[in-house]
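The data block below is input_24.pdb; it holds PDB, C-alpha atoms and all ligand atoms.
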```pdb
ATOM      1  CA  MET A  59     142.145-102.901  91.852
ATOM      2  CA  GLU A  60     144.581-104.118  89.312
ATOM      3  CA  PRO A  61     147.227-106.796  89.842
ATOM      4  CA  PRO A  62     150.312-106.601  87.654
ATOM      5  CA  CYS A  63     150.292-108.124  84.152
ATOM      6  CA  ARG A  64     151.384-111.716  84.300
ATOM      7  CA  GLY A  65     153.763-111.869  81.328
ATOM      8  CA  GLY A  66     153.522-109.985  78.007
ATOM      9  CA  THR A  67     152.677-106.306  78.178
ATOM     10  CA  SER A  68     148.856-106.236  78.222
ATOM     11  CA  LYS A  69     146.403-107.886  80.582
ATOM     12  CA  THR A  70     144.903-110.154  77.937
ATOM     13  CA  GLY A  71     147.961-110.377  75.661
ATOM     14  CA  GLY A  72     150.177-111.491  78.517
ATOM     15  CA  ARG A  73     147.885-114.380  79.355
ATOM     16  CA  LEU A  74     147.485-115.220  75.665
ATOM     17  CA  ALA A  75     151.284-115.333  75.263
ATOM     18  CA  LYS A  76     151.431-118.035  77.934
ATOM     19  CA  LEU A  77     148.740-120.112  76.222
ATOM     20  CA  ILE A  78     150.413-119.869  72.809
ATOM     21  CA  HIS A  79     153.781-120.692  74.323
ATOM     22  CA  ALA A  80     152.328-123.720  76.122
ATOM     23  CA  ALA A  81     150.806-124.930  72.839
ATOM     24  CA  GLY A  82     154.213-124.675  71.153
ATOM     25  CA  HIS A  83     153.328-122.122  68.458
ATOM     26  CA  PRO A  84     155.833-119.396  67.500
ATOM     27  CA  PHE A  85     154.750-115.806  68.254
ATOM     28  CA  LEU A  86     155.959-112.252  68.840
ATOM     29  CA  VAL A  87     154.817-109.771  71.489
ATOM     30  CA  ALA A  88     154.546-106.339  69.837
ATOM     31  CA  SER A  89     154.620-103.229  72.028
ATOM     32  CA  ARG A  90     156.180 -99.785  72.216
ATOM     33  CA  SER A  91     159.094-100.936  74.342
ATOM     34  CA  GLY A  92     159.842-103.917  72.100
ATOM     35  CA  THR A  93     160.560-106.020  75.163
ATOM     36  CA  ALA A  94     158.725-109.066  76.473
ATOM     37  CA  PRO A  95     159.227-111.160  79.591
ATOM     38  CA  GLU A  96     161.406-114.238  79.178
ATOM     39  CA  PRO A  97     161.040-116.568  77.346
ATOM     40  CA  PHE A  98     158.860-114.557  74.947
ATOM     41  CA  LYS A  99     160.240-112.577  72.027
ATOM     42  CA  GLY A 100     159.341-108.884  71.856
ATOM     43  CA  VAL A 101     159.320-106.525  68.893
ATOM     44  CA  LYS A 102     159.081-102.745  68.865
ATOM     45  CA  PHE A 103     155.801-101.549  67.387
ATOM     46  CA  ASP A 104     153.971 -98.267  67.902
ATOM     47  CA  TRP A 105     150.583 -97.494  66.352
ATOM     48  CA  THR A 106     151.590 -93.831  66.219
ATOM     49  CA  ASP A 107     154.965 -94.391  64.504
ATOM     50  CA  SER A 108     154.762 -95.780  60.968
ATOM     51  CA  SER A 109     158.525 -96.461  60.937
ATOM     52  CA  THR A 110     157.825 -99.389  63.319
ATOM     53  CA  PHE A 111     155.035-101.029  61.286
ATOM     54  CA  GLU A 112     157.351-103.351  59.326
ATOM     55  CA  ASN A 113     159.268-104.503  62.423
ATOM     56  CA  PRO A 114     157.153-107.585  63.248
ATOM     57  CA  PHE A 115     157.442-108.838  59.654
ATOM     58  CA  LYS A 116     161.191-108.277  59.609
ATOM     59  CA  ALA A 117     161.431-110.265  62.843
ATOM     60  CA  ASP A 118     159.252-113.072  61.477
ATOM     61  CA  PRO A 119     158.240-113.047  57.793
ATOM     62  CA  LYS A 120     155.872-115.977  58.391
ATOM     63  CA  ILE A 121     153.329-114.147  60.579
ATOM     64  CA  ASP A 122     149.908-115.325  59.436
ATOM     65  CA  ARG A 123     147.597-114.309  62.333
ATOM     66  CA  ILE A 124     147.353-111.343  64.657
ATOM     67  CA  TYR A 125     145.709-110.638  68.007
ATOM     68  CA  LEU A 126     144.822-106.980  67.857
ATOM     69  CA  ILE A 127     144.381-104.579  70.778
ATOM     70  CA  ALA A 128     143.767-101.167  69.243
ATOM     71  CA  PRO A 129     145.231 -98.066  70.880
ATOM     72  CA  ALA A 130     142.946 -96.654  73.571
ATOM     73  CA  GLY A 131     141.443 -93.205  73.799
ATOM     74  CA  TYR A 132     140.455 -92.492  70.200
ATOM     75  CA  LEU A 133     136.905 -91.605  69.218
ATOM     76  CA  ASP A 134     137.651 -93.612  66.070
ATOM     77  CA  SER A 135     140.601 -96.066  66.132
ATOM     78  CA  LEU A 136     140.299 -97.046  62.471
ATOM     79  CA  PRO A 137     142.517 -94.337  60.918
ATOM     80  CA  ILE A 138     145.306 -95.255  63.375
ATOM     81  CA  VAL A 139     145.089 -99.015  62.842
ATOM     82  CA  GLN A 140     144.127 -99.283  59.171
ATOM     83  CA  PRO A 141     147.635 -98.736  57.654
ATOM     84  CA  SER A 142     149.038-101.606  59.747
ATOM     85  CA  ILE A 143     146.196-103.895  58.752
ATOM     86  CA  LYS A 144     146.762-103.138  55.079
ATOM     87  CA  LEU A 145     150.461-103.856  55.533
ATOM     88  CA  ALA A 146     149.688-107.093  57.390
ATOM     89  CA  LEU A 147     147.450-108.275  54.548
ATOM     90  CA  SER A 148     150.179-107.494  52.025
ATOM     91  CA  LYS A 149     152.637-109.551  54.136
ATOM     92  CA  GLY A 150     150.391-112.626  54.098
ATOM     93  CA  VAL A 151     148.395-112.317  57.321
ATOM     94  CA  LYS A 152     145.234-114.378  56.934
ATOM     95  CA  ARG A 153     143.471-114.057  60.300
ATOM     96  CA  PHE A 154     142.719-111.235  62.733
ATOM     97  CA  VAL A 155     141.330-111.551  66.260
ATOM     98  CA  LEU A 156     140.246-108.123  67.448
ATOM     99  CA  LEU A 157     139.445-107.173  71.035
ATOM    100  CA  THR A 158     136.665-104.594  71.422
ATOM    101  CA  ALA A 159     133.868-104.425  74.024
ATOM    102  CA  THR A 160     130.255-105.459  74.579
ATOM    103  CA  LEU A 161     129.002-101.928  73.976
ATOM    104  CA  SER A 162     131.221-101.345  70.924
ATOM    105  CA  GLU A 163     128.720-101.780  68.106
ATOM    106  CA  PRO A 164     130.055-102.323  64.564
ATOM    107  CA  GLY A 165     130.254 -98.899  62.915
ATOM    108  CA  GLY A 166     129.950 -97.084  66.252
ATOM    109  CA  PRO A 167     132.404 -94.826  68.090
ATOM    110  CA  GLY A 168     135.670 -95.995  69.631
ATOM    111  CA  LEU A 169     136.411 -99.423  68.146
ATOM    112  CA  GLY A 170     133.196 -99.854  66.139
ATOM    113  CA  LYS A 171     134.498 -98.628  62.777
ATOM    114  CA  LEU A 172     137.561-100.838  63.171
ATOM    115  CA  HIS A 173     135.276-103.820  63.866
ATOM    116  CA  GLU A 174     133.268-103.041  60.744
ATOM    117  CA  TYR A 175     136.440-102.675  58.668
ATOM    118  CA  ILE A 176     137.954-105.980  59.836
ATOM    119  CA  ALA A 177     134.694-107.753  59.050
ATOM    120  CA  SER A 178     134.615-106.228  55.551
ATOM    121  CA  LEU A 179     138.093-107.362  54.446
ATOM    122  CA  GLY A 180     137.271-110.880  53.333
ATOM    123  CA  ALA A 181     140.055-112.123  55.657
ATOM    124  CA  GLU A 182     139.406-114.560  58.495
ATOM    125  CA  TYR A 183     138.421-112.731  61.667
ATOM    126  CA  THR A 184     136.845-112.932  65.107
ATOM    127  CA  VAL A 185     135.853-109.912  67.159
ATOM    128  CA  LEU A 186     135.824-110.543  70.915
ATOM    129  CA  ARG A 187     133.596-108.161  72.860
ATOM    130  CA  PRO A 188     134.209-108.581  76.597
ATOM    131  CA  THR A 189     132.184-106.976  79.335
ATOM    132  CA  TRP A 190     134.010-105.111  82.137
ATOM    133  CA  PHE A 191     137.204-106.869  83.215
ATOM    134  CA  ILE A 192     137.645-108.098  86.759
ATOM    135  CA  GLY A 193     140.069-105.499  88.061
ATOM    136  CA  ALA A 194     138.554-102.578  86.143
ATOM    137  CA  GLU A 195     138.036 -99.473  88.256
ATOM    138  CA  LEU A 196     134.716 -99.342  90.105
ATOM    139  CA  ARG A 197     132.725 -96.619  88.398
ATOM    140  CA  HIS A 198     129.365 -94.833  88.616
ATOM    141  CA  SER A 199     126.809 -97.427  87.530
ATOM    142  CA  ASN A 200     124.560 -99.461  89.799
ATOM    143  CA  GLY A 201     123.709-102.284  87.420
ATOM    144  CA  LYS A 202     124.928-105.856  87.580
ATOM    145  CA  ILE A 203     127.980-106.780  85.503
ATOM    146  CA  PRO A 204     129.111-110.326  84.583
ATOM    147  CA  LEU A 205     132.726-109.353  85.358
ATOM    148  CA  ILE A 206     135.221-111.343  83.290
ATOM    149  CA  GLU A 207     138.787-112.399  84.115
ATOM    150  CA  ALA A 208     141.502-111.660  81.545
ATOM    151  CA  ASP A 209     142.393-115.383  81.524
ATOM    152  CA  ASP A 210     138.972-116.142  80.046
ATOM    153  CA  ILE A 211     139.469-113.497  77.361
ATOM    154  CA  ALA A 212     142.903-114.915  76.559
ATOM    155  CA  LYS A 213     141.399-118.402  76.224
ATOM    156  CA  ALA A 214     138.750-117.111  73.804
ATOM    157  CA  ALA A 215     141.465-115.295  71.836
ATOM    158  CA  PHE A 216     143.591-118.438  71.683
ATOM    159  CA  ASP A 217     140.630-120.505  70.451
ATOM    160  CA  ALA A 218     139.814-117.901  67.800
ATOM    161  CA  LEU A 219     143.425-117.645  66.622
ATOM    162  CA  TYR A 220     144.021-121.372  66.278
ATOM    163  CA  ALA A 221     140.580-122.811  65.418
ATOM    164  CA  GLU A 222     140.846-124.827  62.236
ATOM    165  CA  LYS A 223     137.968-122.817  60.803
ATOM    166  CA  SER A 224     137.673-119.141  61.625
ATOM    167  CA  SER A 225     134.287-118.032  62.979
ATOM    168  CA  ASN A 226     134.197-114.778  60.998
ATOM    169  CA  ALA A 227     131.829-113.449  63.649
ATOM    170  CA  ASP A 228     131.779-111.429  66.851
ATOM    171  CA  TYR A 229     131.112-112.769  70.347
ATOM    172  CA  TYR A 230     130.259-111.243  73.709
ATOM    173  CA  LEU A 231     132.552-112.468  76.491
ATOM    174  CA  VAL A 232     131.172-112.571  80.033
ATOM    175  CA  GLY A 233     132.175-114.063  83.353
ATOM    176  CA  PRO A 234     130.152-116.715  85.209
ATOM    177  CA  GLU A 235     128.658-114.422  87.893
ATOM    178  CA  LEU A 236     126.911-111.050  88.058
ATOM    179  CA  TYR A 237     128.030-108.330  90.468
ATOM    180  CA  THR A 238     127.125-104.752  91.253
ATOM    181  CA  TYR A 239     130.134-102.667  92.281
ATOM    182  CA  ASP A 240     128.838-102.699  95.869
ATOM    183  CA  GLU A 241     128.692-106.499  95.815
ATOM    184  CA  ALA A 242     132.215-106.661  94.383
ATOM    185  CA  ALA A 243     133.466-104.333  97.140
ATOM    186  CA  ALA A 244     131.747-106.500  99.772
ATOM    187  CA  LEU A 245     133.553-109.570  98.453
ATOM    188  CA  PHE A 246     136.894-107.744  98.620
ATOM    189  CA  THR A 247     136.046-106.777 102.206
ATOM    190  CA  GLU A 248     135.231-110.371 103.142
ATOM    191  CA  ILE A 249     138.373-111.889 101.605
ATOM    192  CA  LEU A 250     140.898-109.157 102.505
ATOM    193  CA  GLY A 251     139.542-108.724 106.035
ATOM    194  CA  ARG A 252     139.461-104.944 105.750
ATOM    195  CA  LYS A 253     136.748-102.573 104.635
ATOM    196  CA  ILE A 254     136.721-101.911 100.889
ATOM    197  CA  ALA A 255     134.043 -99.412  99.908
ATOM    198  CA  HIS A 256     132.655 -98.537  96.516
ATOM    199  CA  LYS A 257     132.489 -94.776  96.164
ATOM    200  CA  HIS A 258     129.455 -93.873  94.074
ATOM    201  CA  LEU A 259     130.561 -91.245  91.567
ATOM    202  CA  THR A 260     128.209 -88.926  89.756
ATOM    203  CA  GLU A 261     128.378 -88.917  85.947
ATOM    204  CA  GLU A 262     130.047 -85.507  86.107
ATOM    205  CA  GLU A 263     132.733 -86.789  88.500
ATOM    206  CA  GLU A 264     133.396 -89.781  86.287
ATOM    207  CA  LEU A 265     133.625 -87.576  83.188
ATOM    208  CA  ALA A 266     136.116 -85.311  84.960
ATOM    209  CA  ILE A 267     138.252 -88.292  86.032
ATOM    210  CA  TYR A 268     138.426 -89.666  82.483
ATOM    211  CA  GLN A 269     139.408 -86.239  81.181
ATOM    212  CA  SER A 270     142.089 -85.971  83.876
ATOM    213  CA  PHE A 271     143.636 -89.097  82.269
ATOM    214  CA  GLY A 272     144.014 -87.067  79.068
ATOM    215  CA  LEU A 273     140.946 -88.420  77.246
ATOM    216  CA  SER A 274     139.008 -85.990  75.066
ATOM    217  CA  LYS A 275     135.611 -84.875  76.362
ATOM    218  CA  ASP A 276     133.886 -86.681  73.461
ATOM    219  CA  TYR A 277     135.631 -89.989  74.189
ATOM    220  CA  ALA A 278     135.162 -89.610  77.952
ATOM    221  CA  SER A 279     131.455 -89.038  77.288
ATOM    222  CA  VAL A 280     131.238 -92.312  75.331
ATOM    223  CA  LEU A 281     132.757 -94.202  78.304
ATOM    224  CA  THR A 282     130.530 -92.446  80.835
ATOM    225  CA  ALA A 283     127.434 -93.111  78.732
ATOM    226  CA  GLY A 284     128.388 -96.809  78.775
ATOM    227  CA  GLU A 285     128.237 -96.801  82.570
ATOM    228  CA  GLY A 286     124.762 -95.253  82.343
ATOM    229  CA  LEU A 287     123.682 -98.198  80.189
ATOM    230  CA  VAL A 288     125.007-100.636  82.808
ATOM    231  CA  THR A 289     122.571 -99.159  85.319
ATOM    232  CA  LYS A 290     119.804 -99.934  82.820
ATOM    233  CA  GLY A 291     120.921-103.592  82.654
ATOM    234  CA  SER A 292     123.003-103.526  79.459
ATOM    235  CA  GLU A 293     125.762-105.869  80.692
ATOM    236  CA  GLU A 294     123.344-108.277  82.377
ATOM    237  CA  ALA A 295     121.594-108.665  79.022
ATOM    238  CA  PHE A 296     124.804-109.925  77.352
ATOM    239  CA  VAL A 297     124.675-113.033  79.562
ATOM    240  CA  ARG A 298     121.697-114.345  77.669
ATOM    241  CA  THR A 299     122.465-114.083  73.978
ATOM    242  CA  ASN A 300     123.126-116.755  71.389
ATOM    243  CA  LYS A 301     126.567-115.264  70.696
ATOM    244  CA  THR A 302     127.882-115.153  74.261
ATOM    245  CA  ILE A 303     130.986-117.026  75.450
ATOM    246  CA  THR A 304     130.972-117.488  79.231
ATOM    247  CA  GLY A 305     134.243-117.693  81.140
ATOM    248  CA  THR A 306     134.871-119.864  84.159
ATOM    249  CA  HIS A 307     136.991-117.624  86.419
ATOM    250  CA  THR A 308     135.104-116.034  89.335
ATOM    251  CA  LEU A 309     135.767-112.790  91.160
ATOM    252  CA  ARG A 310     136.300-114.772  94.365
ATOM    253  CA  GLN A 311     139.064-116.839  92.728
ATOM    254  CA  PHE A 312     140.671-113.663  91.390
ATOM    255  CA  ILE A 313     140.726-111.919  94.779
ATOM    256  CA  GLU A 314     141.959-115.047  96.546
ATOM    257  CA  ALA A 315     144.769-115.496  94.000
ATOM    258  CA  ASN A 316     145.943-111.865  94.237
ATOM    259  CA  LYS A 317     145.070-110.933  97.805
ATOM    260  CA  GLN A 318     148.662-110.533  98.982
ATOM    261  CA  ILE A 319     148.950-107.483  96.715
ATOM    262  CA  TRP A 320     146.118-105.675  98.523
ATOM    263  CA  ILE A 321     146.739-106.988 102.013
ATOM    264  CA  LYS A 322     150.198-105.394 101.878
ATOM    265  CA  GLN A 323     148.838-101.975 100.775
TER     266      GLN A 323
HETATM  267  N1  LIG A 401     139.151-102.831  81.062
HETATM  268  C1  LIG A 401     137.915-103.199  80.779
HETATM  269  O1  LIG A 401     137.049-103.343  81.649
HETATM  270  C2  LIG A 401     137.539-103.469  79.336
HETATM  271  C3  LIG A 401     136.247-103.912  79.055
HETATM  272  C4  LIG A 401     135.915-104.228  77.735
HETATM  273  C5  LIG A 401     136.859-104.075  76.722
HETATM  274  N2  LIG A 401     138.101-103.600  77.028
HETATM  275  C6  LIG A 401     139.048-103.423  75.924
HETATM  276  O2  LIG A 401     140.242-104.124  76.192
HETATM  277  C7  LIG A 401     141.290-103.501  75.465
HETATM  278  C8  LIG A 401     142.509-103.429  76.364
HETATM  279  O3  LIG A 401     142.992-104.743  76.527
HETATM  280  P1  LIG A 401     144.037-105.105  77.656
HETATM  281  O4  LIG A 401     143.442-104.642  78.975
HETATM  282  O5  LIG A 401     144.452-106.498  77.491
HETATM  283  O6  LIG A 401     145.228-104.123  77.277
HETATM  284  P2  LIG A 401     146.099-103.265  78.289
HETATM  285  O7  LIG A 401     146.477-104.093  79.470
HETATM  286  O8  LIG A 401     145.398-101.945  78.469
HETATM  287  O9  LIG A 401     147.411-103.076  77.421
HETATM  288  C9  LIG A 401     147.429-102.290  76.246
HETATM  289  C10 LIG A 401     148.498-102.834  75.335
HETATM  290  O10 LIG A 401     148.638-101.953  74.233
HETATM  291  C11 LIG A 401     150.014-101.601  74.110
HETATM  292  N3  LIG A 401     150.051-100.244  73.595
HETATM  293  C12 LIG A 401     149.563 -99.129  74.155
HETATM  294  N4  LIG A 401     149.771 -98.073  73.358
HETATM  295  C13 LIG A 401     150.428 -98.560  72.269
HETATM  296  C14 LIG A 401     150.941 -97.955  71.085
HETATM  297  N5  LIG A 401     150.838 -96.633  70.838
HETATM  298  N6  LIG A 401     151.533 -98.755  70.181
HETATM  299  C15 LIG A 401     151.673-100.080  70.401
HETATM  300  N7  LIG A 401     151.204-100.705  71.500
HETATM  301  C16 LIG A 401     150.597 -99.938  72.427
HETATM  302  C17 LIG A 401     150.602-101.739  75.486
HETATM  303  O11 LIG A 401     151.961-102.061  75.431
HETATM  304  P3  LIG A 401     153.116-101.032  75.793
HETATM  305  O12 LIG A 401     152.576-100.068  76.815
HETATM  306  O13 LIG A 401     154.204-101.940  76.311
HETATM  307  O14 LIG A 401     153.430-100.396  74.487
HETATM  308  C18 LIG A 401     149.855-102.970  75.982
HETATM  309  O15 LIG A 401     150.446-104.145  75.507
HETATM  310  C19 LIG A 401     140.800-102.132  75.011
HETATM  311  O16 LIG A 401     140.556-102.205  73.615
HETATM  312  C20 LIG A 401     139.485-101.982  75.760
HETATM  313  O17 LIG A 401     138.530-101.263  75.001
HETATM  314  C21 LIG A 401     138.477-103.306  78.314
END
```
Would you write out, as structure tokens, the structure that this file holds?
Amino acid sequence: MEPPCRGGTSKTGGRLAKLIHAAGHPFLVASRSGTAPEPFKGVKFDWTDSSTFENPFKADPKIDRIYLIAPAGYLDSLPIVQPSIKLALSKGVKRFVLLTATLSEPGGPGLGKLHEYIASLGAEYTVLRPTWFIGAELRHSNGKIPLIEADDIAKAAFDALYAEKSSNADYYLVGPELYTYDEAAALFTEILGRKIAHKHLTEEEELAIYQSFGLSKDYASVLTAGEGLVTKGSEEAFVRTNKTITGTHTLRQFIEANKQIWIKQ
């Protein structure tokens, strides 16, 4: 159940744009459309179109830090993103804040090679590895997940971008409470006043749904395997590490704040 982005064009980037704006720093919102909600400034940028790579630096030659959401759906994002990172370094960018995921190990599939590459550059960097977002689809696992609100991810990204000293490390990002999908559905039911059920998918059903979105079977298998790990307690374990940042926004607050969207449906 996904409410609309609140500013900017991505869930986390939109919230981050508001924080940066409030702090009075200049910034650009890069996306394929090149547009951004007022009062933000947008610039056209497409990971799959090298003719757009210079656009942000033409729009603002002083860019020195970048919040990076890699394109989704690739078994290895590095070849897509690497040319832009090299260009950014040549244009004077000093700091990267990369969004990956709890289960995205450095060097592993999906965003792992990109993580490893960013960490190897000698530039300042932070890799933020959130657990499942509040608002993500309810999938096949039965484990508990410390669901995190995009506002908490944006806050961590802001801190990493503007800290006087870069961490040059990666952090797990989790929310303050653990939920199974059934418990999350029960909370929706309580607050919306109508029955919201969690449909338990089989792994095969989940795999087929991911592929119906256009994902390759290999990439869909990586995502489905991640859900299998949740059942074994993978996400719960990220709550208790010495490199975990814990957000403050609860699922209850999120549903309360957005309930008009679902009550109307
Ligand atoms: N959802 C979860 O539960 C979860 C959990 C852990 C980690 N993550 C990670 O979170 C990241 C997604 O973050 P998010 O939810 O904030 O993003 P999002 O809402 O999915 O937005 C994706 C952004 O990427 C832009 N984009 C898409 N394709 C592009 C392209 N070819 N060139 C340039 N820009 C492009 C989109 O802008 P336009 O469409 O306007 O171009 C949009 O701004 C992913 O890396 C995912 O692995 C998600």
- Message: As a quick test: using all atoms listed in the file, which residues lie no more than 6 Å away from ligand LIG 401 (chain A)? Give them as a PyMOL selection string.
- Response: chain A and resi 67-71+89-91+103-106+127-129+157-159+188-191+194
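The shortest atom-to-atom distance to Ile203 in chain A, with all atoms listed in the file taken into account, belongs to A:Gly233 out of A:Gly233, A:Gly170, A:Gly165, A:Gly72.
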Just want the 7 Å neighbourhood of Asn200 in chain A, counted on only C-alpha atoms, with same-chain residues fewer than 6 positions away dropped. Output as a JSON list (two decimals) with C-alpha atoms, in the coordinates of the input.
```
[["chain", "number", "residue", "atom", "x", "y", "z"],
["A", 238, "THR", "CA", 127.12, -104.75, 91.25],
["A", 239, "TYR", "CA", 130.13, -102.67, 92.28],
["A", 289, "THR", "CA", 122.57, -99.16, 85.32]]
```
- Task: Taking the file above as input, evaluate the PyMOL selection byres (((chain A and resi 117) around 12) and not hetatm) and report the hits as a PyMOL selection string.
- Result: chain A and resi 84-88+92+99-103+110-116+118-121
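Distances here use only C-alpha atoms; by that measure, the residue among A:Glu293, A:Asp122, A:Glu285, A:Glu261 closest to Glu182 in chain A is A:Asp122.
Residue nearest Gly131 in chain A within the list A:Leu273, A:Ala295, A:Ala218, A:Ala81: A:Leu273 [criterion: smallest interatomic distance, only C-alpha atoms].
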- Task: Could you jot down the CA of Ser108 in chain A to CA of Leu136 in chain A separation for me, Å, one decimal place?
- Result: 14.6 Å
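Separating CA of Lys213 in chain A from CA of Ile192 in chain A is a distance of 15.2 Å.
CA of Ile143 in chain A to CA of Leu179 in chain A spans 9.8 Å [interatomic distance, one decimal].
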- Shell around Thr308 in chain A at 8 Å using all atoms listed in the file, local window under 6 positions removed, as a ChimeraX atom specification: /A:206-207,233-235
Can you give me, as a CSV table (one decimal) with C-alpha atoms, in the coordinates of the input, the residues this file yields under the PyMOL selection byres (((chain A and resi 283) around 12) and not hetatm)?
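Listing of selection15.csv after writing:
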```csv
chain,number,residue,atom,x,y,z
A,161,LEU,CA,129.0,-101.9,74.0
A,162,SER,CA,131.2,-101.3,70.9
A,167,PRO,CA,132.4,-94.8,68.1
A,197,ARG,CA,132.7,-96.6,88.4
A,198,HIS,CA,129.4,-94.8,88.6
A,199,SER,CA,126.8,-97.4,87.5
A,260,THR,CA,128.2,-88.9,89.8
A,261,GLU,CA,128.4,-88.9,85.9
A,262,GLU,CA,130.0,-85.5,86.1
A,264,GLU,CA,133.4,-89.8,86.3
A,265,LEU,CA,133.6,-87.6,83.2
A,275,LYS,CA,135.6,-84.9,76.4
A,276,ASP,CA,133.9,-86.7,73.5
A,277,TYR,CA,135.6,-90.0,74.2
A,278,ALA,CA,135.2,-89.6,78.0
A,279,SER,CA,131.5,-89.0,77.3
A,280,VAL,CA,131.2,-92.3,75.3
A,281,LEU,CA,132.8,-94.2,78.3
A,282,THR,CA,130.5,-92.4,80.8
A,284,GLY,CA,128.4,-96.8,78.8
A,285,GLU,CA,128.2,-96.8,82.6
A,286,GLY,CA,124.8,-95.3,82.3
A,287,LEU,CA,123.7,-98.2,80.2
A,288,VAL,CA,125.0,-100.6,82.8
A,289,THR,CA,122.6,-99.2,85.3
A,290,LYS,CA,119.8,-99.9,82.8
A,292,SER,CA,123.0,-103.5,79.5
```
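Take the candidates A:Arg153, A:Trp320, A:Pro204, A:Tyr229 and check each one against Gly291 in chain A using all atoms listed in the file; the shortest distance goes to A:Pro204.
The environment of Glu174 in chain A within 10 Å, counting all atoms listed in the file and disregarding residues fewer than 2 places along the same chain, consists of A:Leu136, A:Glu163, A:Pro164, A:Gly165, A:Gly166, A:Leu169, A:Gly170, A:Lys171, A:Leu172, A:Ile176, A:Ala177, A:Ser178, A:Leu179, A:Val185.
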May I have the selected residues written with C-alpha atoms, as a PDB file, in the coordinates of the input?
```
ATOM      1  CA  LEU A 136     140.299 -97.046  62.471  1.00  0.00           C
ATOM      2  CA  GLU A 163     128.720-101.780  68.106  1.00  0.00           C
ATOM      3  CA  PRO A 164     130.055-102.323  64.564  1.00  0.00           C
ATOM      4  CA  GLY A 165     130.254 -98.899  62.915  1.00  0.00           C
ATOM      5  CA  GLY A 166     129.950 -97.084  66.252  1.00  0.00           C
ATOM      6  CA  LEU A 169     136.411 -99.423  68.146  1.00  0.00           C
ATOM      7  CA  GLY A 170     133.196 -99.854  66.139  1.00  0.00           C
ATOM      8  CA  LYS A 171     134.498 -98.628  62.777  1.00  0.00           C
ATOM      9  CA  LEU A 172     137.561-100.838  63.171  1.00  0.00           C
ATOM     10  CA  ILE A 176     137.954-105.980  59.836  1.00  0.00           C
ATOM     11  CA  ALA A 177     134.694-107.753  59.050  1.00  0.00           C
ATOM     12  CA  SER A 178     134.615-106.228  55.551  1.00  0.00           C
ATOM     13  CA  LEU A 179     138.093-107.362  54.446  1.00  0.00           C
ATOM     14  CA  VAL A 185     135.853-109.912  67.159  1.00  0.00           C
TER      15      VAL A 185
END
```
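With only C-alpha atoms as the atoms that count, the minimum distance from Pro137 in chain A to the choices A:Lys202, A:Ile124, A:Gly168, A:Ile211 is reached by A:Gly168.
Around Arg123 in chain A, within 8 Å and counting only C-alpha atoms, the residues found are Val151, Lys152, Arg153, Phe154, Val155 and Leu219 of chain A, once anything fewer than 6 positions away on its own chain is removed.
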What does the PyMOL selection byres (((chain A and resi 250) around 10) and not hetatm) select in this file, as a PDB file with C-alpha atoms, in the frame of the given file?
```
ATOM      1  CA  ALA A 244     131.747-106.500  99.772  1.00  0.00           C
ATOM      2  CA  LEU A 245     133.553-109.570  98.453  1.00  0.00           C
ATOM      3  CA  PHE A 246     136.894-107.744  98.620  1.00  0.00           C
ATOM      4  CA  THR A 247     136.046-106.777 102.206  1.00  0.00           C
ATOM      5  CA  GLU A 248     135.231-110.371 103.142  1.00  0.00           C
ATOM      6  CA  ILE A 249     138.373-111.889 101.605  1.00  0.00           C
ATOM      7  CA  GLY A 251     139.542-108.724 106.035  1.00  0.00           C
ATOM      8  CA  ARG A 252     139.461-104.944 105.750  1.00  0.00           C
ATOM      9  CA  LYS A 253     136.748-102.573 104.635  1.00  0.00           C
ATOM     10  CA  ILE A 254     136.721-101.911 100.889  1.00  0.00           C
ATOM     11  CA  ILE A 313     140.726-111.919  94.779  1.00  0.00           C
ATOM     12  CA  GLU A 314     141.959-115.047  96.546  1.00  0.00           C
ATOM     13  CA  LYS A 317     145.070-110.933  97.805  1.00  0.00           C
ATOM     14  CA  GLN A 318     148.662-110.533  98.982  1.00  0.00           C
ATOM     15  CA  TRP A 320     146.118-105.675  98.523  1.00  0.00           C
ATOM     16  CA  ILE A 321     146.739-106.988 102.013  1.00  0.00           C
TER      17      ILE A 321
END
```
- Message: Given the point (136.2, -114.9, 77.0) in the coordinates of this file, which residues lie within 7 Å, counting all atoms listed in the file, and how would they look as a count of residues only?
- Response: 11
- Message: Could you check the closest approach to Gly272 in chain A for each of A:Ala130, A:Ala94, A:Leu77, A:Ile138 and tell me which residue wins, using all atoms listed in the file?
- Response: A:Ala130
